[in-house]
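Here is protein_15.cif, consisting of mmCIF, C-alpha atoms:
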```cif
data_run
#
loop_
_atom_site.label_atom_id
_atom_site.label_comp_id
_atom_site.auth_asym_id
_atom_site.auth_seq_id
_atom_site.Cartn_x
_atom_site.Cartn_y
_atom_site.Cartn_z
CA MET A 1 -13.36 -5.47 33.87
CA ARG A 2 -15.18 -2.18 33.31
CA ALA A 3 -13.97 0.74 31.25
CA ARG A 4 -13.67 4.04 33.14
CA VAL A 5 -14.58 7.16 31.24
CA SER A 6 -14.65 10.90 31.77
CA GLU A 7 -17.32 11.44 29.14
CA PRO A 8 -20.27 9.03 29.16
CA TRP A 9 -20.74 8.89 25.39
CA VAL A 10 -17.49 6.98 24.87
CA GLU A 11 -18.21 4.32 27.52
CA ALA A 12 -20.28 1.80 25.54
CA PRO A 13 -18.09 1.90 22.41
CA LEU A 14 -14.88 1.56 24.44
CA GLN A 15 -16.26 -1.24 26.61
CA ARG A 16 -17.39 -3.20 23.57
CA PHE A 17 -14.03 -2.68 21.86
CA ALA A 18 -12.13 -3.91 24.93
CA ASP A 19 -14.42 -6.93 25.46
CA GLU A 20 -14.49 -8.05 21.85
CA SER A 21 -10.89 -7.44 20.86
CA ARG A 22 -9.52 -8.89 24.14
CA VAL A 23 -6.90 -6.20 24.56
CA THR A 24 -5.02 -5.91 27.83
CA PHE A 25 -5.13 -2.11 27.98
CA ALA A 26 -7.02 0.47 26.00
CA LEU A 27 -6.94 4.25 26.17
CA LEU A 28 -9.14 6.70 24.36
CA LEU A 29 -7.78 10.24 24.40
CA GLN A 30 -7.92 13.61 22.77
CA PRO A 31 -4.97 14.44 20.48
CA SER A 32 -3.80 16.90 23.17
CA GLY A 33 -3.25 13.98 25.58
CA GLN A 34 -6.36 14.35 27.77
CA VAL A 35 -7.87 10.96 28.60
CA LEU A 36 -11.53 10.30 27.78
CA GLY A 37 -11.66 6.64 28.76
CA GLN A 38 -9.47 3.77 29.84
CA PHE A 39 -9.63 0.04 30.24
CA GLY A 40 -7.16 -2.11 32.17
CA PHE A 41 -5.17 0.52 34.05
CA THR A 42 -5.20 0.57 37.83
CA ARG A 43 -3.41 3.85 38.55
CA ALA A 44 -4.60 7.24 37.28
CA MET A 45 -1.04 8.53 37.10
CA ASP A 46 -0.05 5.72 34.74
CA VAL A 47 -3.01 6.60 32.55
CA MET A 48 -1.85 10.19 32.24
CA ALA A 49 1.72 9.20 31.37
CA ALA A 50 0.52 6.72 28.75
CA CYS A 51 -1.80 9.37 27.29
CA SER A 52 0.98 11.94 26.97
CA LEU A 53 3.19 9.43 25.15
CA ALA A 54 0.37 8.13 22.92
CA ALA A 55 -0.51 11.70 21.94
CA ALA A 56 3.13 12.38 21.12
CA ILE A 57 3.46 9.21 19.05
CA ASN A 58 0.26 9.97 17.20
CA VAL A 59 1.18 13.51 16.32
CA THR A 60 4.77 12.73 15.32
CA ALA A 61 3.70 9.75 13.22
CA ALA A 62 1.14 11.93 11.46
CA GLN A 63 3.81 14.50 10.70
CA LEU A 64 6.26 11.83 9.52
CA GLY A 65 3.59 10.56 7.15
CA ARG A 66 3.07 14.04 5.78
CA GLU A 67 6.81 14.44 5.22
CA LEU A 68 7.24 11.04 3.56
CA GLU A 69 4.01 10.42 1.71
CA GLY A 70 2.12 13.69 1.78
CA THR A 71 -0.60 12.26 4.03
CA PRO A 72 -0.49 11.55 7.77
CA PHE A 73 0.05 8.03 9.10
CA ARG A 74 -3.21 7.18 10.86
CA GLU A 75 -2.38 3.76 12.29
CA LEU A 76 0.75 2.43 13.97
CA HIS A 77 1.58 -1.08 15.10
CA HIS A 78 4.50 -2.25 17.21
CA ALA A 79 5.08 -5.96 17.66
CA GLY A 80 6.94 -6.57 20.91
CA ARG A 81 8.08 -9.95 22.16
CA GLU A 82 5.16 -10.48 24.54
CA ARG A 83 2.97 -7.47 23.96
CA GLU A 84 1.91 -5.53 20.91
CA LEU A 85 0.78 -1.92 20.60
CA PHE A 86 -1.74 -0.40 18.25
CA ILE A 87 -2.29 3.36 17.96
CA ALA A 88 -4.83 4.88 15.60
CA GLU A 89 -6.98 7.95 15.17
CA ALA A 90 -10.78 7.79 15.19
CA PRO A 91 -12.57 10.74 13.57
CA THR A 92 -15.77 12.01 15.23
CA GLU A 93 -17.93 15.11 14.89
CA ARG A 94 -16.50 16.28 18.20
CA GLY A 95 -12.98 16.10 16.79
CA PRO A 96 -10.55 13.24 16.30
CA LEU A 97 -9.79 10.84 19.15
CA VAL A 98 -6.76 8.60 19.57
CA LEU A 99 -6.89 4.95 20.58
CA LEU A 100 -3.94 3.24 22.24
CA ALA A 101 -4.38 -0.50 22.71
CA ALA A 102 -1.94 -3.06 24.11
CA PHE A 103 -2.57 -6.73 23.54
CA GLY A 104 -0.92 -10.12 24.06
CA GLY A 105 -1.49 -13.68 22.88
CA GLU A 106 -5.26 -13.60 23.47
CA SER A 107 -5.70 -11.21 20.57
CA SER A 108 -4.05 -10.32 17.28
CA LEU A 109 -3.47 -7.29 15.10
CA GLY A 110 -6.21 -8.41 12.74
CA ILE A 111 -8.78 -8.68 15.53
CA VAL A 112 -7.78 -5.35 17.03
CA ARG A 113 -8.01 -3.60 13.66
CA LEU A 114 -11.38 -5.23 12.97
CA TYR A 115 -12.88 -3.99 16.23
CA PHE A 116 -11.19 -0.64 15.86
CA ARG A 117 -13.29 -0.11 12.71
CA GLU A 118 -16.39 -0.91 14.78
CA LEU A 119 -15.18 1.46 17.48
CA CYS A 120 -14.83 4.27 14.93
CA THR A 121 -18.39 3.71 13.72
CA ALA A 122 -19.79 3.53 17.25
CA LEU A 123 -17.93 6.67 18.36
CA ALA A 124 -19.05 8.60 15.30
CA SER A 125 -22.64 7.60 15.98
CA ALA A 126 -22.43 8.37 19.71
CA ALA A 127 -20.86 11.77 19.01
CA ARG A 128 -23.83 12.65 16.81
CA THR A 129 -26.60 11.39 19.05
CA SER A 130 -25.48 11.81 22.66
CA VAL A 131 -26.03 14.95 24.71
CA PRO A 132 -22.77 16.76 25.47
CA ALA A 133 -21.61 16.45 29.08
CA PRO A 134 -21.93 19.62 31.21
CA ALA A 135 -18.20 20.24 31.02
CA GLU A 136 -18.47 20.60 27.27
CA THR A 137 -21.18 23.20 27.51
CA GLY A 138 -20.60 25.17 30.67
CA ARG A 139 -18.36 25.96 33.59
CA VAL A 140 -17.85 24.29 36.93
CA ASP A 141 -18.83 26.09 40.09
CA LEU A 142 -15.85 25.54 42.37
CA GLY A 143 -17.39 27.79 44.98
CA GLU A 144 -15.97 30.35 47.36
CA ASN A 145 -13.53 27.91 48.92
CA LEU A 146 -11.44 27.44 45.78
CA GLU A 147 -8.50 29.50 47.01
CA ARG A 148 -8.54 27.98 50.51
CA ASP A 149 -8.75 24.42 49.14
CA LEU A 150 -6.05 25.09 46.58
CA ASN A 151 -3.69 26.52 49.19
CA ARG A 152 -4.24 23.57 51.49
CA SER A 153 -3.88 20.96 48.78
CA LEU A 154 -0.66 22.46 47.46
CA ALA A 155 0.73 22.98 50.96
CA ILE A 156 0.17 19.30 51.77
CA LEU A 157 1.55 18.24 48.41
CA PHE A 158 4.79 20.13 49.09
CA GLY A 159 5.01 18.99 52.69
CA ARG A 160 4.23 22.45 54.11
CA ALA A 161 1.12 21.35 56.02
CA ARG A 162 -0.16 18.17 57.66
CA PRO A 163 -3.65 16.95 58.48
CA ASP A 164 -4.22 17.11 62.26
CA SER A 165 -5.80 14.40 64.43
CA GLU A 166 -9.32 15.42 63.41
CA GLY A 167 -8.48 15.36 59.75
CA MET A 168 -8.39 19.17 59.54
CA LEU A 169 -5.43 20.71 57.81
CA SER A 170 -2.88 22.85 59.52
CA VAL A 171 -1.37 25.45 57.21
CA PRO A 172 1.48 27.61 58.52
CA PRO A 173 0.46 31.27 58.98
CA SER A 174 3.16 32.32 56.54
CA PHE A 175 1.51 30.34 53.77
CA PRO A 176 0.89 31.45 51.07
CA PRO A 177 3.67 34.04 50.88
CA ALA A 178 2.54 37.65 50.99
CA MET B 1 -10.95 23.69 28.79
CA PRO B 2 -9.92 21.31 31.56
CA LEU B 3 -11.50 17.87 31.40
CA VAL B 4 -14.24 17.51 34.02
CA ASN B 5 -15.88 14.23 34.99
CA TYR B 6 -19.05 15.06 36.89
CA ALA B 7 -19.84 11.42 37.64
CA THR B 8 -16.60 10.83 39.54
CA ARG B 9 -16.06 14.53 40.34
CA GLU B 10 -12.63 14.72 38.74
CA ILE B 11 -10.87 17.62 37.03
CA THR B 12 -7.83 17.17 34.80
CA CYS B 13 -5.86 20.20 33.60
CA LYS B 14 -2.95 20.51 31.18
CA ILE B 15 -0.27 23.05 32.15
CA VAL B 16 2.60 23.82 29.78
CA TYR B 17 5.91 25.33 30.92
CA TYR B 18 7.11 27.47 28.01
CA GLY B 19 10.19 29.61 27.46
CA PRO B 20 13.56 29.91 25.75
CA GLY B 21 16.19 27.16 25.81
CA ARG B 22 17.94 26.60 29.15
CA SER B 23 15.62 28.97 31.01
CA GLY B 24 14.79 26.27 33.60
CA LYS B 25 11.52 24.67 32.50
CA THR B 26 12.69 21.11 33.09
CA THR B 27 14.34 22.21 36.36
CA ASN B 28 10.93 23.38 37.61
CA LEU B 29 9.45 19.96 36.93
CA HIS B 30 12.42 18.15 38.48
CA TYR B 31 12.04 20.16 41.67
CA ILE B 32 8.31 19.47 41.86
CA TYR B 33 8.97 15.78 41.21
CA GLU B 34 11.48 15.62 44.07
CA GLN B 35 9.25 17.45 46.53
CA VAL B 36 5.99 15.63 45.99
CA PRO B 37 5.33 12.24 47.64
CA SER B 38 5.39 9.38 45.13
CA ALA B 39 1.76 8.50 45.87
CA ARG B 40 0.70 11.93 44.61
CA ARG B 41 2.62 11.93 41.35
CA GLY B 42 3.35 9.65 38.42
CA LYS B 43 6.63 8.92 36.72
CA MET B 44 8.38 11.86 35.16
CA VAL B 45 8.63 11.19 31.46
CA SER B 46 11.48 13.00 29.69
CA LEU B 47 11.94 12.73 25.96
CA ALA B 48 15.40 14.26 25.91
CA THR B 49 18.64 14.09 23.96
CA GLN B 50 21.74 12.35 25.33
CA THR B 51 22.85 15.67 26.75
CA ASP B 52 19.57 16.10 28.62
CA ARG B 53 18.21 18.85 26.38
CA THR B 54 14.47 18.43 25.99
CA LEU B 55 13.77 16.89 22.59
CA PHE B 56 10.00 16.59 22.62
CA PHE B 57 8.68 17.28 26.11
CA ASP B 58 8.92 16.45 29.79
CA PHE B 59 5.76 15.27 31.46
CA LEU B 60 4.78 15.01 35.11
CA PRO B 61 1.29 14.05 36.30
CA LEU B 62 0.33 15.49 39.70
CA ASP B 63 -2.55 14.67 42.02
CA LEU B 64 -3.47 17.94 43.75
CA GLY B 65 -6.11 16.38 45.95
CA SER B 66 -9.62 17.68 46.51
CA ILE B 67 -10.49 21.21 45.37
CA SER B 68 -14.06 22.20 46.19
CA GLY B 69 -15.04 18.55 46.21
CA PHE B 70 -13.38 17.69 42.88
CA ALA B 71 -10.38 15.35 42.75
CA THR B 72 -8.00 17.56 40.80
CA ARG B 73 -5.12 16.34 38.66
CA PHE B 74 -2.59 18.39 36.75
CA GLN B 75 -0.57 17.27 33.76
CA LEU B 76 2.62 19.34 33.68
CA TYR B 77 4.45 19.55 30.36
CA THR B 78 7.56 21.40 29.22
CA VAL B 79 8.41 22.26 25.63
CA PRO B 80 11.86 22.20 24.01
CA GLY B 81 13.17 25.75 24.11
CA GLN B 82 15.57 25.79 21.19
CA VAL B 83 14.39 27.90 18.28
CA TYR B 84 14.42 25.05 15.73
CA TYR B 85 11.86 22.99 17.69
CA GLN B 86 9.09 25.44 16.85
CA ALA B 87 6.80 22.76 15.41
CA THR B 88 7.20 20.57 18.49
CA ARG B 89 6.33 23.45 20.81
CA ARG B 90 3.15 24.07 18.87
CA LEU B 91 2.15 20.40 19.19
CA VAL B 92 2.77 20.24 22.93
CA LEU B 93 0.84 23.48 23.43
CA GLN B 94 -2.27 21.95 21.89
CA GLY B 95 -5.10 21.74 24.42
CA ALA B 96 -3.18 23.61 27.14
CA ASP B 97 -5.37 24.96 29.92
CA GLY B 98 -2.64 27.21 31.27
CA VAL B 99 0.89 28.33 30.49
CA VAL B 100 3.86 29.12 32.72
CA PHE B 101 6.36 31.25 30.83
CA VAL B 102 9.80 30.60 32.33
CA ALA B 103 12.07 33.53 31.47
CA ASP B 104 15.84 33.52 31.92
CA SER B 105 16.71 36.57 34.02
CA GLN B 106 20.23 36.91 32.57
CA ALA B 107 20.64 40.23 30.76
CA ARG B 108 22.20 38.55 27.74
CA GLN B 109 19.11 36.35 27.34
CA LEU B 110 16.62 39.21 27.05
CA GLU B 111 16.23 38.91 23.28
CA GLU B 112 15.64 35.14 23.55
CA ASN B 113 12.96 35.75 26.17
CA ILE B 114 11.17 38.26 23.96
CA GLU B 115 11.37 35.98 20.91
CA SER B 116 10.04 33.06 22.94
CA MET B 117 7.13 35.13 24.25
CA GLN B 118 6.29 36.16 20.68
CA ASP B 119 6.57 32.51 19.63
CA LEU B 120 4.14 31.55 22.43
CA HIS B 121 1.60 34.11 21.29
CA ALA B 122 1.91 32.96 17.67
CA ASN B 123 1.45 29.31 18.64
CA LEU B 124 -1.56 30.04 20.85
CA ALA B 125 -3.13 31.94 17.97
CA GLU B 126 -2.33 29.05 15.65
CA HIS B 127 -4.44 26.80 17.90
CA GLY B 128 -7.26 29.34 17.86
CA MET B 129 -6.70 30.17 21.53
CA ASP B 130 -7.39 33.71 22.69
CA VAL B 131 -4.08 34.91 24.05
CA ARG B 132 -5.78 37.38 26.40
CA ALA B 133 -8.09 34.73 27.84
CA THR B 134 -5.51 31.96 28.29
CA PRO B 135 -4.34 31.58 31.91
CA LEU B 136 -0.70 32.64 32.00
CA VAL B 137 1.88 33.38 34.66
CA ILE B 138 5.51 34.41 34.18
CA GLN B 139 8.46 33.16 36.20
CA TYR B 140 11.69 35.19 36.23
CA ASN B 141 14.13 32.38 36.88
CA LYS B 142 17.83 32.41 37.84
CA GLN B 143 17.41 35.36 40.18
CA ASP B 144 20.12 33.77 42.35
CA LEU B 145 22.83 34.68 39.84
CA PRO B 146 25.12 37.65 40.57
CA ARG B 147 23.29 40.99 40.35
CA GLU B 148 25.53 42.26 37.54
CA LEU B 149 24.46 39.38 35.28
CA ILE B 150 20.71 39.54 35.66
CA LEU B 151 17.87 41.96 35.10
CA GLY B 152 15.50 42.92 37.86
CA ALA B 153 11.87 41.91 37.86
CA ASP B 154 10.78 45.46 36.97
CA VAL B 155 12.91 45.50 33.82
CA LEU B 156 11.74 42.02 32.82
CA ASP B 157 8.15 43.02 33.50
CA GLU B 158 8.56 45.98 31.19
CA ALA B 159 9.88 43.78 28.40
CA LEU B 160 7.69 40.69 28.77
CA ASN B 161 4.67 41.30 30.93
CA PHE B 162 2.56 43.57 28.77
CA ARG B 163 -0.53 41.54 29.70
CA ASP B 164 0.06 42.39 33.35
CA VAL B 165 -0.22 38.75 34.43
CA PRO B 166 1.04 37.43 37.79
CA ALA B 167 4.83 37.17 37.78
CA PHE B 168 7.12 35.32 40.18
CA THR B 169 10.85 35.59 40.76
CA ALA B 170 12.58 32.25 41.18
CA ASP B 171 15.68 30.16 41.54
CA ALA B 172 14.24 26.88 40.28
CA LEU B 173 17.46 24.96 40.82
CA HIS B 174 17.07 25.39 44.57
CA GLY B 175 13.29 25.48 44.50
CA HIS B 176 12.71 29.13 45.32
CA GLY B 177 9.58 30.38 43.58
CA VAL B 178 8.72 27.01 42.01
CA PHE B 179 5.88 26.33 44.40
CA GLU B 180 4.52 29.87 44.17
CA THR B 181 4.55 29.71 40.38
CA LEU B 182 2.64 26.42 40.37
CA ARG B 183 0.17 27.85 42.84
CA GLY B 184 -0.26 30.93 40.66
CA ILE B 185 -1.06 29.04 37.48
CA SER B 186 -3.26 26.55 39.36
CA GLU B 187 -5.39 29.37 40.68
CA GLN B 188 -5.64 31.01 37.26
CA VAL B 189 -6.72 27.79 35.56
CA LEU B 190 -9.25 26.81 38.21
CA ARG B 191 -10.68 30.33 38.43
CA ARG B 192 -11.19 30.35 34.70
CA LEU B 193 -12.89 26.96 34.89
CA SER B 194 -15.08 28.33 37.65
CA GLY B 195 -16.13 31.26 35.50
CA GLY B 196 -13.85 33.98 36.83
CA ALA B 197 -11.38 36.03 34.85
CA PRO B 198 -8.02 34.27 34.57
CA GLY B 199 -5.87 37.39 34.63
CA GLY B 200 -6.43 38.87 38.04
CA ALA B 201 -4.30 41.58 39.54
CA ARG B 202 -0.59 41.51 39.06
CA GLN B 203 1.29 39.98 41.92
CA ARG B 204 4.91 39.19 42.43
CA SER B 205 6.44 36.92 44.99
CA ARG B 206 9.32 39.20 45.91
CA ASP B 207 10.13 37.28 49.05
CA THR B 208 11.59 34.52 46.92
CA VAL B 209 14.20 36.97 45.67
CA GLY B 210 15.00 37.96 49.18
CA SER B 211 15.52 34.39 50.26
CA VAL B 212 17.88 33.48 47.40
#
```
Could the structure of this file be written out as structure tokens, please?
Amino acid sequence: MRARVSEPWVEAPLQRFADESRVTFALLLQPSGQVLGQFGFTRAMDVMAACSLAAAINVTAAQLGRELEGTPFRELHHAGRERELFIAEAPTERGPLVLLAAFGGESSLGIVRLYFRELCTALASAARTSVPAPAETGRVDLGENLERDLNRSLAILFGRARPDSEGMLSVPPSFPPA
Amino acid sequence: MPLVNYATREITCKIVYYGPGRSGKTTNLHYIYEQVPSARRGKMVSLATQTDRTLFFDFLPLDLGSISGFATRFQLYTVPGQVYYQATRRLVLQGADGVVFVADSQARQLEENIESMQDLHANLAEHGMDVRATPLVIQYNKQDLPRELILGADVLDEALNFRDVPAFTADALHGHGVFETLRGISEQVLRRLSGGAPGGARQRSRDTVGSV
């Protein structure tokens, strides 16, 4: 199975981590909850929900650590009956990233932690050496049709327009409201 | 900035619904969740108390479809409105690409609205975000309540909308203005990503008031 990424520099480190540690799912995200790469998920919507929760767990655990011990908790492990979770923060020059990994009997906490250390090293190196993706350096030209496309997409999403037989979209004349 | 994947032509944006307690932030997300086909949205995640007050956040992922050739996804978040969850609001606001400020139109809630708007500005500044450059729209919710209990959009504008951002009147419980608000913030966020100014001219969807 291949890892899917939104920024190319995280692909090789994440793929190697997933292959070597034999996790079932892995997510690499920004602390704000934006996904950078995923392994094992089949539905984008599930990825986003998992990211939002992982980001919340990471940030609350860090704060709990500060309250209890004066330093943030950087790694969390939950041992479920059939599946275990591991959440940890990986520092890079482009800011910290959060890893969420789920694993079953084919792996173990020790193996996951071992390859997480390798992942941290690989990400730190890739962050230093790789060229930033265009999105990190510039803007996206969404063209002159942005407003038209947005209106149509939202109208369909809310059931206010339907694609016709030729695949074109029919938007009521009253949409959007004046 | 929104996350853009050029290889797969995907855009992912984080939108945060902000505002005082019980102003209708979660109600906005519930309405969107109910209206959108299940194939175009994920599960709605609510980290709430037993009495359904938002404890950490609500979260709803949305698939907008193709915008200018980019598959566009929105992550909608709410924050807990109560004053004592200030730290949580700041955390959820991290990395936001756009903010919907949901104001409670009731006259007795005016002070809470103003405090929440000030709290939003302070938290954006805390994250190093330029308040003037952050895409923002305001929703004046609960406009369906009896006239003697609520303030008109002009009065609320005067008190809250000093940035002259797009504002929408709404009755989120019944869905009026919810769609227009989402459309407003979507356009702001995508225009900013595309290099345009996020603010734009002030606009108000008055017809939603008329239909309540």
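Nearest to chain A of all the residues B:Tyr31, B:Tyr17, B:Phe168, B:Phe59 is B:Phe59, counting only C-alpha atoms.
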Using only C-alpha atoms, find each residue in chain B having at least one atom no more than 6 Å away from chain A; report its shortest atom-to-atom pair and that distance in Å (one decimal), rows by chain then rising number, as a Markdown table.
```
| residue | atom | partner | partner_atom | distance |
| --- | --- | --- | --- | --- |
| B:Val4 | CA | A:Ala135 | CA | 5.7 |
| B:Asn5 | CA | A:Ser6 | CA | 4.8 |
| B:Gln35 | CA | A:Phe158 | CA | 5.8 |
| B:Val36 | CA | A:Phe158 | CA | 5.6 |
| B:Gly42 | CA | A:Met45 | CA | 4.7 |
| B:Leu64 | CA | A:Ser153 | CA | 5.9 |
| B:Gly65 | CA | A:Ser153 | CA | 5.8 |
| B:Ile67 | CA | A:Asp149 | CA | 5.2 |
| B:Ser68 | CA | A:Leu142 | CA | 5.4 |
| B:Gln94 | CA | A:Ser32 | CA | 5.4 |
| B:Gly95 | CA | A:Ser32 | CA | 5.2 |
| B:Leu193 | CA | A:Arg139 | CA | 5.7 |
| B:Ser194 | CA | A:Val140 | CA | 5.0 |
```
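Of the residues listed (B:Leu62, B:Ala122, B:Ala103, B:Met129), B:Ala122 shows the shortest atom-to-atom separation from Gln86 in chain B; distances use all atoms listed in the file.
Atom pair CA of Leu76 in chain A / CA of Glu11 in chain A: separated by 23.4 Å.
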Give as a PyMOL selection string the residues that the PyMOL selection byres ((chain A and resi 88) around 6) matches when applied to the coordinates above.
chain A and resi 74-75+87+89+98-99
Report the distance between CA of Thr169 in chain B and CA of Leu55 in chain B in Å, rounded to one decimal place.
26.2 Å
Separation of CA of Ala7 in chain B and CA of Phe70 in chain B, in Å?
10.4 Å
For Phe56 in chain B, find every residue with an atom within 9 Å (counting all atoms listed in the file), except residues of its own chain fewer than 5 positions away, and show them as a PDB file with C-alpha atoms, in the coordinates of the input.
```
ATOM      1  CA  ALA A  56       3.130  12.380  21.120  1.00  0.00           C
TER       2      ALA A  56
ATOM      3  CA  SER B  46      11.480  13.000  29.690  1.00  0.00           C
ATOM      4  CA  LEU B  47      11.940  12.730  25.960  1.00  0.00           C
ATOM      5  CA  ALA B  48      15.400  14.260  25.910  1.00  0.00           C
ATOM      6  CA  THR B  78       7.560  21.400  29.220  1.00  0.00           C
ATOM      7  CA  VAL B  79       8.410  22.260  25.630  1.00  0.00           C
ATOM      8  CA  PRO B  80      11.860  22.200  24.010  1.00  0.00           C
ATOM      9  CA  TYR B  85      11.860  22.990  17.690  1.00  0.00           C
ATOM     10  CA  THR B  88       7.200  20.570  18.490  1.00  0.00           C
ATOM     11  CA  ARG B  89       6.330  23.450  20.810  1.00  0.00           C
ATOM     12  CA  VAL B  92       2.770  20.240  22.930  1.00  0.00           C
TER      13      VAL B  92
END
```
Quick one: which residues end up in the PyMOL selection byres ((chain B and resi 189) around 10) for this structure, as a PDB file with C-alpha atoms, in the coordinates of the input?
```
ATOM      1  CA  MET B   1     -10.950  23.690  28.790  1.00  0.00           C
ATOM      2  CA  PRO B   2      -9.920  21.310  31.560  1.00  0.00           C
ATOM      3  CA  CYS B  13      -5.860  20.200  33.600  1.00  0.00           C
ATOM      4  CA  LYS B  14      -2.950  20.510  31.180  1.00  0.00           C
ATOM      5  CA  ILE B  15      -0.270  23.050  32.150  1.00  0.00           C
ATOM      6  CA  ASP B  97      -5.370  24.960  29.920  1.00  0.00           C
ATOM      7  CA  GLY B  98      -2.640  27.210  31.270  1.00  0.00           C
ATOM      8  CA  VAL B  99       0.890  28.330  30.490  1.00  0.00           C
ATOM      9  CA  THR B 134      -5.510  31.960  28.290  1.00  0.00           C
ATOM     10  CA  PRO B 135      -4.340  31.580  31.910  1.00  0.00           C
ATOM     11  CA  LEU B 136      -0.700  32.640  32.000  1.00  0.00           C
ATOM     12  CA  GLY B 184      -0.260  30.930  40.660  1.00  0.00           C
ATOM     13  CA  ILE B 185      -1.060  29.040  37.480  1.00  0.00           C
ATOM     14  CA  SER B 186      -3.260  26.550  39.360  1.00  0.00           C
ATOM     15  CA  GLU B 187      -5.390  29.370  40.680  1.00  0.00           C
ATOM     16  CA  GLN B 188      -5.640  31.010  37.260  1.00  0.00           C
ATOM     17  CA  LEU B 190      -9.250  26.810  38.210  1.00  0.00           C
ATOM     18  CA  ARG B 191     -10.680  30.330  38.430  1.00  0.00           C
ATOM     19  CA  ARG B 192     -11.190  30.350  34.700  1.00  0.00           C
ATOM     20  CA  LEU B 193     -12.890  26.960  34.890  1.00  0.00           C
ATOM     21  CA  SER B 194     -15.080  28.330  37.650  1.00  0.00           C
ATOM     22  CA  GLY B 196     -13.850  33.980  36.830  1.00  0.00           C
ATOM     23  CA  ALA B 197     -11.380  36.030  34.850  1.00  0.00           C
ATOM     24  CA  PRO B 198      -8.020  34.270  34.570  1.00  0.00           C
ATOM     25  CA  GLY B 199      -5.870  37.390  34.630  1.00  0.00           C
TER      26      GLY B 199
END
```
Check which residues satisfy the PyMOL selection byres ((chain B and resi 153) around 9) in the file shown, then give them as a PDB file with C-alpha atoms, in the coordinates of the input.
```pdb
ATOM      1  CA  SER B 105      16.710  36.570  34.020  1.00  0.00           C
ATOM      2  CA  TYR B 140      11.690  35.190  36.230  1.00  0.00           C
ATOM      3  CA  GLN B 143      17.410  35.360  40.180  1.00  0.00           C
ATOM      4  CA  LEU B 151      17.870  41.960  35.100  1.00  0.00           C
ATOM      5  CA  GLY B 152      15.500  42.920  37.860  1.00  0.00           C
ATOM      6  CA  ASP B 154      10.780  45.460  36.970  1.00  0.00           C
ATOM      7  CA  VAL B 155      12.910  45.500  33.820  1.00  0.00           C
ATOM      8  CA  LEU B 156      11.740  42.020  32.820  1.00  0.00           C
ATOM      9  CA  ASP B 157       8.150  43.020  33.500  1.00  0.00           C
ATOM     10  CA  GLU B 158       8.560  45.980  31.190  1.00  0.00           C
ATOM     11  CA  ALA B 167       4.830  37.170  37.780  1.00  0.00           C
ATOM     12  CA  PHE B 168       7.120  35.320  40.180  1.00  0.00           C
ATOM     13  CA  THR B 169      10.850  35.590  40.760  1.00  0.00           C
ATOM     14  CA  ARG B 204       4.910  39.190  42.430  1.00  0.00           C
ATOM     15  CA  ARG B 206       9.320  39.200  45.910  1.00  0.00           C
TER      16      ARG B 206
END
```
Top pick for closest residue to Ser125 in chain A, considering A:Ile111, A:Trp9, A:Arg2, A:Leu28 and counting all atoms listed in the file
A:Trp9
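Among B:Tyr77, B:Tyr33, B:Tyr84, B:Tyr18, the residue with the shortest atom-to-atom distance to Val100 in chain B, counting all atoms listed in the file, is B:Tyr18.
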Leaving out Ser23 in chain B and any residue of its chain fewer than 3 positions from it, which residues lie within 12 Å of it when counting only C-alpha atoms, given as JSON, numbers by chain?
{"B": [17, 18, 19, 20, 26, 27, 28, 53, 54, 78, 79, 80, 81, 82, 100, 101, 102, 103, 104, 105, 106, 109, 110, 112, 113, 116, 138, 139, 140, 141, 142, 143, 170, 171, 172, 173]}
Taking all atoms of range 26-38 of chain A that appear in the file, build a box with edges along x, y and z, extend it by 4 Å on every side, and state its centre and edge lengths in Å to one decimal, as lines of an AutoDock Vina configuration file.
```
center_x = -7.5
center_y = 8.7
center_z = 25.2
size_x = 16.4
size_y = 24.4
size_z = 17.4
```
Taking into account all atoms listed in the file, which residue in the set A:Val10, A:Leu29, A:Leu119, A:Ala3 is nearest to Leu3 in chain B?
A:Leu29
Please produce range 101-107 of chain B, completed to N, CA and C atoms, as an mmCIF file, keeping the file's coordinate frame.
```
data_model
loop_
_atom_site.group_PDB
_atom_site.id
_atom_site.type_symbol
_atom_site.label_atom_id
_atom_site.label_comp_id
_atom_site.auth_asym_id
_atom_site.auth_seq_id
_atom_site.Cartn_x
_atom_site.Cartn_y
_atom_site.Cartn_z
ATOM 1 N N PHE B 101 5.240 30.807 31.659
ATOM 2 C CA PHE B 101 6.360 31.250 30.830
ATOM 3 C C PHE B 101 7.574 31.404 31.731
ATOM 4 N N VAL B 102 8.582 30.557 31.515
ATOM 5 C CA VAL B 102 9.800 30.600 32.330
ATOM 6 C C VAL B 102 10.837 31.443 31.588
ATOM 7 N N ALA B 103 11.095 32.630 32.103
ATOM 8 C CA ALA B 103 12.070 33.530 31.470
ATOM 9 C C ALA B 103 13.416 33.382 32.158
ATOM 10 N N ASP B 104 14.482 33.532 31.385
ATOM 11 C CA ASP B 104 15.840 33.520 31.920
ATOM 12 C C ASP B 104 16.203 34.954 32.287
ATOM 13 N N SER B 105 16.494 35.187 33.555
ATOM 14 C CA SER B 105 16.710 36.570 34.020
ATOM 15 C C SER B 105 18.053 37.158 33.576
ATOM 16 N N GLN B 106 18.932 36.372 32.972
ATOM 17 C CA GLN B 106 20.230 36.910 32.570
ATOM 18 C C GLN B 106 20.039 38.004 31.516
ATOM 19 N N ALA B 107 20.776 39.077 31.675
ATOM 20 C CA ALA B 107 20.640 40.230 30.760
ATOM 21 C C ALA B 107 20.895 39.817 29.320
#
```
